[in-house]
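Structure below is model-v5.cif: mmCIF, C-alpha atoms.
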```cif
data_my_file
loop_
_atom_site.label_atom_id
_atom_site.label_comp_id
_atom_site.auth_asym_id
_atom_site.auth_seq_id
_atom_site.Cartn_x
_atom_site.Cartn_y
_atom_site.Cartn_z
CA MET P 1 11.44 -5.71 20.43
CA PRO P 2 13.31 -8.97 21.07
CA ALA P 3 12.15 -12.25 19.59
CA GLU P 4 10.53 -14.82 21.84
CA ASN P 5 13.10 -17.24 23.24
CA THR P 6 11.74 -20.58 22.06
CA ASP P 7 13.28 -23.32 20.00
CA ARG P 8 12.30 -23.10 16.35
CA PRO P 9 10.97 -26.33 14.75
CA GLN P 10 13.01 -27.60 11.81
CA THR P 11 10.02 -28.82 9.75
CA MET P 12 6.30 -28.11 9.66
CA ALA P 13 3.10 -29.41 8.15
CA ALA P 14 1.93 -27.66 4.97
CA VAL P 15 -0.16 -28.18 1.87
CA VAL P 16 1.85 -27.59 -1.31
CA THR P 17 0.94 -27.42 -4.98
CA ARG P 18 3.23 -29.25 -7.41
CA ARG P 19 1.41 -29.04 -10.74
CA GLY P 20 -1.20 -26.99 -12.56
CA GLY P 21 -4.44 -27.91 -14.24
CA SER P 22 -7.38 -29.58 -12.55
CA VAL P 23 -7.70 -29.51 -8.79
CA ASP P 24 -8.21 -33.30 -8.97
CA ALA P 25 -4.93 -33.91 -10.80
CA PRO P 26 -2.21 -35.71 -8.79
CA GLY P 27 0.06 -33.09 -7.24
CA SER P 28 -2.45 -30.23 -7.40
CA LEU P 29 -2.57 -29.96 -3.59
CA VAL P 30 -0.47 -32.32 -1.48
CA ASP P 31 0.09 -32.83 2.26
CA ALA P 32 3.79 -32.40 3.04
CA GLN P 33 6.41 -31.84 5.69
CA VAL P 34 8.52 -28.86 4.60
CA PRO P 35 11.33 -26.82 6.17
CA ALA P 36 9.97 -24.42 8.77
CA PRO P 37 10.55 -20.69 8.18
CA ALA P 38 13.75 -19.14 9.45
CA ALA P 39 13.59 -17.02 12.58
CA PRO P 40 11.93 -13.68 11.76
CA VAL P 41 14.15 -10.66 11.12
CA GLY P 42 13.40 -7.00 10.44
CA HIS P 43 9.66 -6.29 10.31
CA ASP P 44 8.66 -9.95 9.98
CA LEU P 45 6.33 -11.86 12.27
CA LEU P 46 6.32 -15.64 12.59
CA VAL P 47 2.63 -16.56 12.78
CA GLU P 48 1.08 -19.87 13.77
CA VAL P 49 -1.78 -20.20 11.27
CA ARG P 50 -5.12 -21.26 12.75
CA ALA P 51 -7.52 -20.67 9.83
CA VAL P 52 -7.35 -19.70 6.16
CA SER P 53 -9.86 -18.83 3.47
CA VAL P 54 -9.71 -19.65 -0.22
CA ASN P 55 -9.92 -16.89 -2.83
CA PRO P 56 -10.00 -16.89 -6.64
CA VAL P 57 -6.29 -16.02 -6.59
CA ASP P 58 -5.57 -19.39 -4.91
CA VAL P 59 -7.42 -21.18 -7.69
CA LYS P 60 -5.72 -19.18 -10.46
CA VAL P 61 -2.19 -19.67 -9.15
CA ARG P 62 -2.74 -23.38 -8.49
CA ALA P 63 -4.25 -23.98 -11.95
CA ALA P 64 -1.42 -22.08 -13.68
CA GLY P 65 1.19 -24.45 -12.25
CA GLY P 66 4.90 -23.66 -12.23
CA ARG P 67 7.20 -24.14 -9.27
CA GLU P 68 6.25 -26.04 -6.14
CA ARG P 69 4.86 -23.59 -3.63
CA ILE P 70 2.64 -23.06 -0.61
CA LEU P 71 -0.55 -21.22 -1.53
CA GLY P 72 -2.82 -19.19 0.73
CA TRP P 73 -3.49 -15.44 0.93
CA ASP P 74 -5.83 -15.10 3.87
CA ALA P 75 -5.03 -16.14 7.41
CA ALA P 76 -5.82 -15.67 11.07
CA GLY P 77 -3.43 -16.91 13.71
CA ILE P 78 -1.14 -16.19 16.64
CA VAL P 79 2.21 -14.38 16.59
CA ARG P 80 4.92 -16.72 17.90
CA ARG P 81 8.13 -14.76 17.23
CA VAL P 82 8.99 -11.27 15.98
CA GLY P 83 11.86 -9.63 14.12
CA GLU P 84 14.13 -7.05 15.75
CA GLU P 85 12.43 -4.09 14.03
CA VAL P 86 8.87 -5.11 14.91
CA SER P 87 6.99 -2.45 16.89
CA LEU P 88 3.30 -3.21 16.29
CA PHE P 89 3.01 -6.75 17.73
CA ARG P 90 4.42 -9.10 20.31
CA PRO P 91 4.34 -12.90 20.74
CA GLY P 92 0.88 -14.09 21.70
CA ASP P 93 -1.05 -11.46 19.71
CA GLU P 94 -3.92 -12.79 17.61
CA VAL P 95 -3.72 -11.37 14.07
CA PHE P 96 -5.24 -11.51 10.60
CA TYR P 97 -3.78 -10.61 7.20
CA ALA P 98 -3.69 -11.40 3.46
CA GLY P 99 0.05 -11.74 2.88
CA SER P 100 1.98 -11.29 -0.35
CA LEU P 101 2.05 -13.06 -3.72
CA ASP P 102 5.84 -13.21 -3.58
CA ARG P 103 6.25 -15.17 -0.33
CA PRO P 104 5.19 -18.64 0.88
CA GLY P 105 1.50 -18.65 1.69
CA SER P 106 -0.73 -19.42 4.64
CA ASN P 107 -1.48 -23.09 3.88
CA ALA P 108 1.17 -24.00 6.44
CA ARG P 109 1.41 -24.21 10.21
CA LEU P 110 3.88 -21.32 10.33
CA GLN P 111 4.23 -18.30 8.06
CA LEU P 112 6.48 -15.25 7.89
CA VAL P 113 4.63 -12.01 7.13
CA ASP P 114 5.55 -8.33 7.31
CA GLU P 115 3.93 -6.66 10.33
CA ARG P 116 3.00 -3.63 8.19
CA ILE P 117 0.35 -5.64 6.30
CA VAL P 118 -1.00 -7.34 9.43
CA ALA P 119 -3.61 -6.21 12.00
CA ARG P 120 -4.94 -7.46 15.28
CA LYS P 121 -7.73 -9.97 14.81
CA PRO P 122 -11.17 -8.56 15.68
CA ALA P 123 -11.80 -9.59 19.28
CA ALA P 124 -15.45 -10.28 18.49
CA LEU P 125 -14.58 -12.86 15.83
CA GLY P 126 -13.10 -16.34 16.04
CA PHE P 127 -10.16 -17.35 13.87
CA ALA P 128 -12.41 -18.82 11.15
CA GLU P 129 -14.65 -15.75 10.98
CA ALA P 130 -11.63 -13.44 10.88
CA ALA P 131 -9.82 -15.44 8.18
CA ALA P 132 -12.68 -14.71 5.78
CA LEU P 133 -12.02 -10.97 5.78
CA PRO P 134 -8.48 -9.69 5.07
CA LEU P 135 -7.94 -10.06 1.30
CA THR P 136 -11.45 -9.02 0.34
CA ALA P 137 -11.58 -6.22 2.91
CA ILE P 138 -8.28 -4.77 1.66
CA THR P 139 -9.52 -5.00 -1.93
CA ALA P 140 -12.85 -3.39 -1.13
CA TRP P 141 -11.31 -0.66 1.03
CA GLU P 142 -8.71 0.30 -1.56
CA ALA P 143 -11.37 0.24 -4.29
CA LEU P 144 -13.78 2.50 -2.42
CA PHE P 145 -11.47 4.89 -0.62
CA ASP P 146 -8.12 4.89 -2.45
CA LYS P 147 -9.45 4.53 -6.02
CA LEU P 148 -12.95 6.07 -6.00
CA GLY P 149 -12.06 8.55 -3.27
CA LEU P 150 -15.27 8.06 -1.30
CA GLY P 151 -15.90 9.48 2.16
CA ALA P 152 -18.49 9.82 4.89
CA ASP P 153 -20.30 12.63 3.06
CA THR P 154 -20.31 10.91 -0.36
CA THR P 155 -23.85 10.63 -1.74
CA GLY P 156 -25.28 9.25 -4.96
CA THR P 157 -25.40 5.69 -6.22
CA LEU P 158 -22.88 2.84 -6.19
CA LEU P 159 -23.52 -0.03 -8.61
CA VAL P 160 -21.98 -3.34 -7.49
CA LEU P 161 -21.67 -6.06 -10.15
CA GLY P 162 -20.69 -9.45 -8.74
CA ALA P 163 -22.13 -8.55 -5.35
CA PRO P 164 -22.51 -12.04 -3.78
CA GLY P 165 -18.77 -12.83 -3.95
CA GLY P 166 -16.25 -12.23 -1.22
CA VAL P 167 -15.25 -8.73 -2.29
CA GLY P 168 -18.77 -7.60 -3.13
CA SER P 169 -20.04 -8.85 0.22
CA ILE P 170 -17.65 -6.74 2.29
CA LEU P 171 -17.63 -3.81 -0.15
CA ILE P 172 -21.38 -3.33 0.28
CA GLN P 173 -20.98 -3.37 4.06
CA LEU P 174 -18.15 -0.83 4.00
CA ALA P 175 -20.05 1.45 1.63
CA LYS P 176 -23.13 1.41 3.88
CA ALA P 177 -21.10 1.84 7.09
CA LEU P 178 -18.74 4.59 5.93
CA THR P 179 -20.50 6.55 3.15
CA SER P 180 -23.97 7.95 2.43
CA LEU P 181 -24.37 6.09 -0.87
CA GLN P 182 -27.33 4.14 -2.15
CA VAL P 183 -26.10 0.68 -3.19
CA ILE P 184 -27.56 -1.13 -6.20
CA ALA P 185 -26.28 -4.71 -6.35
CA THR P 186 -26.69 -7.51 -8.89
CA ALA P 187 -27.26 -11.18 -8.08
CA SER P 188 -29.23 -13.98 -9.71
CA ARG P 189 -30.09 -17.02 -7.59
CA ALA P 190 -32.49 -16.68 -4.65
CA GLU P 191 -29.70 -17.62 -2.24
CA SER P 192 -27.32 -14.95 -3.56
CA ARG P 193 -30.05 -12.29 -3.67
CA GLU P 194 -30.93 -12.96 -0.02
CA TRP P 195 -27.24 -12.81 0.93
CA VAL P 196 -26.71 -9.46 -0.81
CA GLU P 197 -29.76 -8.03 0.95
CA GLN P 198 -28.30 -9.18 4.27
CA MET P 199 -25.07 -7.34 3.42
CA GLY P 200 -27.07 -4.11 3.19
CA ALA P 201 -27.78 -3.49 -0.51
CA ASP P 202 -30.65 -1.04 -1.01
CA VAL P 203 -31.69 -2.48 -4.39
CA VAL P 204 -30.93 -5.99 -5.69
CA LEU P 205 -31.31 -6.71 -9.42
CA ASP P 206 -30.91 -9.88 -11.47
CA HIS P 207 -27.75 -9.59 -13.57
CA ARG P 208 -29.28 -12.02 -16.10
CA ASP P 209 -32.22 -9.70 -16.76
CA PRO P 210 -32.11 -8.66 -20.44
CA ASP P 211 -33.45 -5.27 -19.32
CA LEU P 212 -30.83 -4.83 -16.58
CA ALA P 213 -29.81 -1.39 -17.85
CA ASP P 214 -33.41 -0.18 -17.66
CA ARG P 215 -33.75 -1.56 -14.13
CA ILE P 216 -30.56 0.21 -13.04
CA LEU P 217 -31.72 3.52 -14.50
CA GLU P 218 -35.07 3.15 -12.76
CA ALA P 219 -33.21 2.90 -9.45
CA ALA P 220 -30.71 5.66 -10.40
CA PRO P 221 -32.51 7.94 -12.90
CA GLY P 222 -29.51 10.20 -13.47
CA GLY P 223 -27.16 7.25 -13.90
CA ALA P 224 -24.89 5.55 -11.38
CA ASP P 225 -22.17 7.75 -9.91
CA TYR P 226 -19.81 4.89 -9.10
CA ALA P 227 -19.52 1.23 -10.06
CA PHE P 228 -17.59 -1.80 -8.84
CA SER P 229 -16.98 -4.65 -11.28
CA ALA P 230 -15.84 -8.15 -10.37
CA HIS P 231 -16.72 -9.49 -13.84
CA SER P 232 -16.15 -6.95 -16.62
CA ALA P 233 -16.24 -9.05 -19.80
CA GLY P 234 -19.03 -7.80 -22.05
CA ARG P 235 -20.07 -5.15 -19.53
CA VAL P 236 -18.64 -1.99 -21.14
CA PRO P 237 -21.82 -1.37 -23.21
CA LEU P 238 -23.81 -1.59 -19.97
CA PHE P 239 -21.50 0.91 -18.29
CA THR P 240 -21.71 3.36 -21.19
CA ARG P 241 -25.47 3.40 -20.78
CA VAL P 242 -25.99 3.36 -17.01
CA MET P 243 -23.10 5.53 -15.74
CA ARG P 244 -23.58 9.26 -15.45
CA PRO P 245 -21.11 11.58 -17.21
CA PHE P 246 -17.85 11.81 -15.25
CA GLY P 247 -18.78 8.65 -13.34
CA GLN P 248 -16.11 6.30 -12.00
CA ILE P 249 -15.68 2.53 -12.26
CA VAL P 250 -13.25 0.31 -10.32
CA ALA P 251 -12.59 -3.28 -11.46
CA ILE P 252 -10.71 -6.21 -9.92
CA ASP P 253 -10.82 -8.88 -12.64
CA ASP P 254 -8.21 -9.82 -15.25
CA GLU P 255 -9.86 -8.87 -18.54
CA HIS P 256 -7.19 -7.71 -21.01
CA ASP P 257 -9.14 -6.54 -24.05
CA LEU P 258 -11.96 -4.35 -22.81
CA PRO P 259 -13.13 -1.58 -25.20
CA LEU P 260 -12.52 1.14 -22.63
CA PHE P 261 -12.31 3.89 -25.27
CA ASP P 262 -16.10 3.62 -25.47
CA LEU P 263 -16.24 5.27 -22.04
CA LYS P 264 -14.62 8.47 -23.29
CA ASP P 265 -17.83 9.99 -24.64
CA LYS P 266 -19.09 10.39 -21.06
CA ALA P 267 -15.59 11.03 -19.63
CA ILE P 268 -16.04 7.96 -17.42
CA SER P 269 -12.95 7.00 -15.40
CA TRP P 270 -11.78 3.37 -15.14
CA HIS P 271 -9.63 2.25 -12.20
CA TRP P 272 -7.87 -1.06 -11.58
CA GLU P 273 -7.64 -2.34 -8.02
CA PHE P 274 -5.02 -4.97 -7.09
CA MET P 275 -4.52 -5.45 -3.37
CA PHE P 276 -1.16 -7.17 -3.84
CA ALA P 277 0.34 -4.05 -5.47
CA ARG P 278 1.47 -2.60 -2.14
CA PRO P 279 3.30 -5.68 -0.79
CA ARG P 280 4.67 -6.61 -4.23
CA HIS P 281 6.22 -3.19 -4.76
CA GLY P 282 6.91 -2.21 -1.16
CA TRP P 283 4.64 0.81 -1.52
CA ASP P 284 3.11 2.38 1.61
CA LEU P 285 2.80 -0.98 3.36
CA ILE P 286 1.53 0.50 6.60
CA ALA P 287 -1.66 1.57 4.81
CA GLN P 288 -2.80 -2.07 4.77
CA HIS P 289 -2.13 -2.41 8.50
CA ASP P 290 -4.10 0.77 9.15
CA LEU P 291 -7.10 -0.21 7.06
CA LEU P 292 -7.27 -3.72 8.53
CA GLU P 293 -7.20 -2.15 11.99
CA ARG P 294 -10.21 -0.05 10.94
CA VAL P 295 -11.94 -3.17 9.64
CA ALA P 296 -11.32 -4.89 12.98
CA GLU P 297 -12.83 -1.91 14.81
CA LEU P 298 -15.90 -2.01 12.57
CA ALA P 299 -16.30 -5.74 13.21
CA ASP P 300 -15.90 -5.33 16.95
CA SER P 301 -18.50 -2.54 17.03
CA GLY P 302 -20.96 -4.64 15.02
CA ARG P 303 -21.02 -2.27 12.04
CA ILE P 304 -19.80 -5.01 9.68
CA ARG P 305 -19.95 -8.81 9.93
CA SER P 306 -17.77 -11.66 8.75
CA THR P 307 -18.52 -12.84 5.22
CA ARG P 308 -17.80 -16.48 6.09
CA THR P 309 -20.61 -18.68 4.79
CA ARG P 310 -19.02 -22.12 5.14
CA THR P 311 -16.25 -23.62 7.26
CA LEU P 312 -14.42 -26.82 6.28
CA SER P 313 -12.13 -28.85 8.49
CA PRO P 314 -9.45 -30.09 8.97
CA LEU P 315 -6.74 -28.01 7.32
CA GLU P 316 -5.23 -30.57 4.94
CA ALA P 317 -4.96 -31.17 1.18
CA ALA P 318 -8.28 -33.00 0.75
CA THR P 319 -10.20 -30.22 2.48
CA LEU P 320 -8.44 -27.50 0.54
CA ARG P 321 -9.22 -29.32 -2.70
CA GLU P 322 -12.91 -29.23 -1.77
CA ALA P 323 -12.65 -25.51 -1.02
CA HIS P 324 -10.96 -24.90 -4.39
CA ARG P 325 -13.76 -26.84 -6.14
CA LEU P 326 -16.38 -24.68 -4.46
CA VAL P 327 -14.63 -21.44 -5.43
CA GLU P 328 -14.08 -22.68 -9.00
CA SER P 329 -17.80 -23.39 -9.35
CA GLY P 330 -18.53 -19.67 -9.40
CA ARG P 331 -21.66 -20.31 -7.34
CA THR P 332 -20.42 -19.54 -3.85
CA VAL P 333 -21.64 -16.60 -1.82
CA GLY P 334 -19.38 -14.98 0.72
CA LYS P 335 -16.22 -16.86 1.73
CA ILE P 336 -15.12 -20.47 2.24
CA VAL P 337 -12.89 -20.96 5.30
CA VAL P 338 -10.71 -23.95 6.28
CA GLU P 339 -9.49 -24.34 9.88
CA GLY P 340 -7.84 -26.79 12.25
CA TRP P 341 -4.65 -28.63 11.29
CA ALA P 342 -4.93 -32.42 11.04
CA LEU P 343 -1.33 -33.00 9.97
CA PRO P 344 1.29 -33.80 12.62
CA GLU P 345 3.68 -31.12 13.87
#
```
Let's see the structure in the file written out as structure tokens.
Amino acid sequence: MPAENTDRPQTMAAVVTRRGGSVDAPGSLVDAQVPAPAAPVGHDLLVEVRAVSVNPVDVKVRAAGGRERILGWDAAGIVRRVGEEVSLFRPGDEVFYAGSLDRPGSNARLQLVDERIVARKPAALGFAEAAALPLTAITAWEALFDKLGLGADTTGTLLVLGAPGGVGSILIQLAKALTSLQVIATASRAESREWVEQMGADVVLDHRDPDLADRILEAAPGGADYAFSAHSAGRVPLFTRVMRPFGQIVAIDDEHDLPLFDLKDKAISWHWEFMFARPRHGWDLIAQHDLLERVAELADSGRIRSTRTRTLSPLEAATLREAHRLVESGRTVGKIVVEGWALPE
């Protein structure tokens, strides 16, 4: 498919990070004019970014510092040009995606992204609503269906720890839409409990309850069949008690020193999910396109909803700093989205 015949701009507006540490430190997030991407080749799309959302990975990479770079791993926008091997999209298509850790991010007017990790934006959602979904939906989908191996006829109980966050919010919806599982979710504040109930959880428990294990076993007397963990530190003793023998757990956090041997007595399996593994290693990229297409279909049919809870504007450094602060607080539910460029072309 030939590329669109338009002149390519030489520079573009972007927000870059130039130093680590606090989000309020000079250079943490800076408005800039940077070289525009080269014309797309191969399977690449050149996308005009309309909205982004901020994830914990944005915060972690920014705080760690290192080289100057453009952050952003969630986007919704419009395809402007395509590489010569592109077969899935054409200029003018509205798309959404989560990108790759190893390429410049979505906090820029224009971004190059491989078509095989991109899908058509749900027609029922605006750019801001769609931008809330890709990274967390990929993570949740891979966790449930690639790691835990769940399907439409899967029954039993799924325990979701860290349910009010972005991944937990969409994971509950996917589990209820595509499996026959009972979902037990944990949340603490009234706001987060209400949100998790709206996502479809059958039982919502307070993760601060000193008798949480007892409450879980009351809801799942034989023990939970499956568990999702967004925050695993100190949770292995809980898992050893509340999981049934041969149960399965999938985790997405970065804890290095968990006492996982304690799970052996019940032959409990532990899985790691990392949605960037496919793009980083070039492994089965089309699977992310396919699953995002399914997510778009579910959104368009009303079986799942966007997890956007707040939209900030315009898309510039000051607004992104506020979004990073909110994510760093650990008290957000759902997803924070930023849309609408204020910077000049």
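Using only C-alpha atoms, the nearest neighbour of Leu29 of chain P within the list P:Val57, P:Ala323, P:Val79, P:Leu217 is P:Ala323.
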Checklist entry - Contacts of Phe96 of chain P at 8 Å or less, counting all atoms listed in the file, minus same-chain residues fewer than 6 places along, as a PyMOL selection string? => result chain P and resi 74-77+118-121+130-131+134
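Running the PyMOL selection byres ((chain P and resi 168-173) around 8) on this file leaves Leu133, Thr136, Ala137, Ala140, Trp141, Leu144, Val160, Leu161, Gly162, Ala163, Pro164, Gly165, Gly166, Val167, Leu174, Ala175, Lys176, Ala177, Val183, Val196, Met199, Gly200, Ala201, Ala230, Ile304, Thr307 and Gly334 of chain P selected.
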Neighbourhood query: residues within 8 Å of (-10.7, -20.7, 11.8), file coordinates, counting all atoms listed in the file; return as a PDB file with C-alpha atoms, keeping the file's coordinate frame.
```pdb
ATOM      1  CA  ARG P  50      -5.120 -21.260  12.750  1.00  0.00           C
ATOM      2  CA  ALA P  51      -7.520 -20.670   9.830  1.00  0.00           C
ATOM      3  CA  VAL P  52      -7.350 -19.700   6.160  1.00  0.00           C
ATOM      4  CA  ALA P  76      -5.820 -15.670  11.070  1.00  0.00           C
ATOM      5  CA  GLY P 126     -13.100 -16.340  16.040  1.00  0.00           C
ATOM      6  CA  PHE P 127     -10.160 -17.350  13.870  1.00  0.00           C
ATOM      7  CA  ALA P 128     -12.410 -18.820  11.150  1.00  0.00           C
ATOM      8  CA  GLU P 129     -14.650 -15.750  10.980  1.00  0.00           C
ATOM      9  CA  ALA P 130     -11.630 -13.440  10.880  1.00  0.00           C
ATOM     10  CA  ALA P 131      -9.820 -15.440   8.180  1.00  0.00           C
ATOM     11  CA  THR P 311     -16.250 -23.620   7.260  1.00  0.00           C
ATOM     12  CA  VAL P 337     -12.890 -20.960   5.300  1.00  0.00           C
ATOM     13  CA  VAL P 338     -10.710 -23.950   6.280  1.00  0.00           C
ATOM     14  CA  GLU P 339      -9.490 -24.340   9.880  1.00  0.00           C
ATOM     15  CA  GLY P 340      -7.840 -26.790  12.250  1.00  0.00           C
TER      16      GLY P 340
END
```
Next on the checklist: If I take atom CA of Leu260 of chain P and atom CA of Thr240 of chain P, how far is one from the other in Å, to one decimal?
Outcome noted: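 These two atoms are separated by 9.6 Å.
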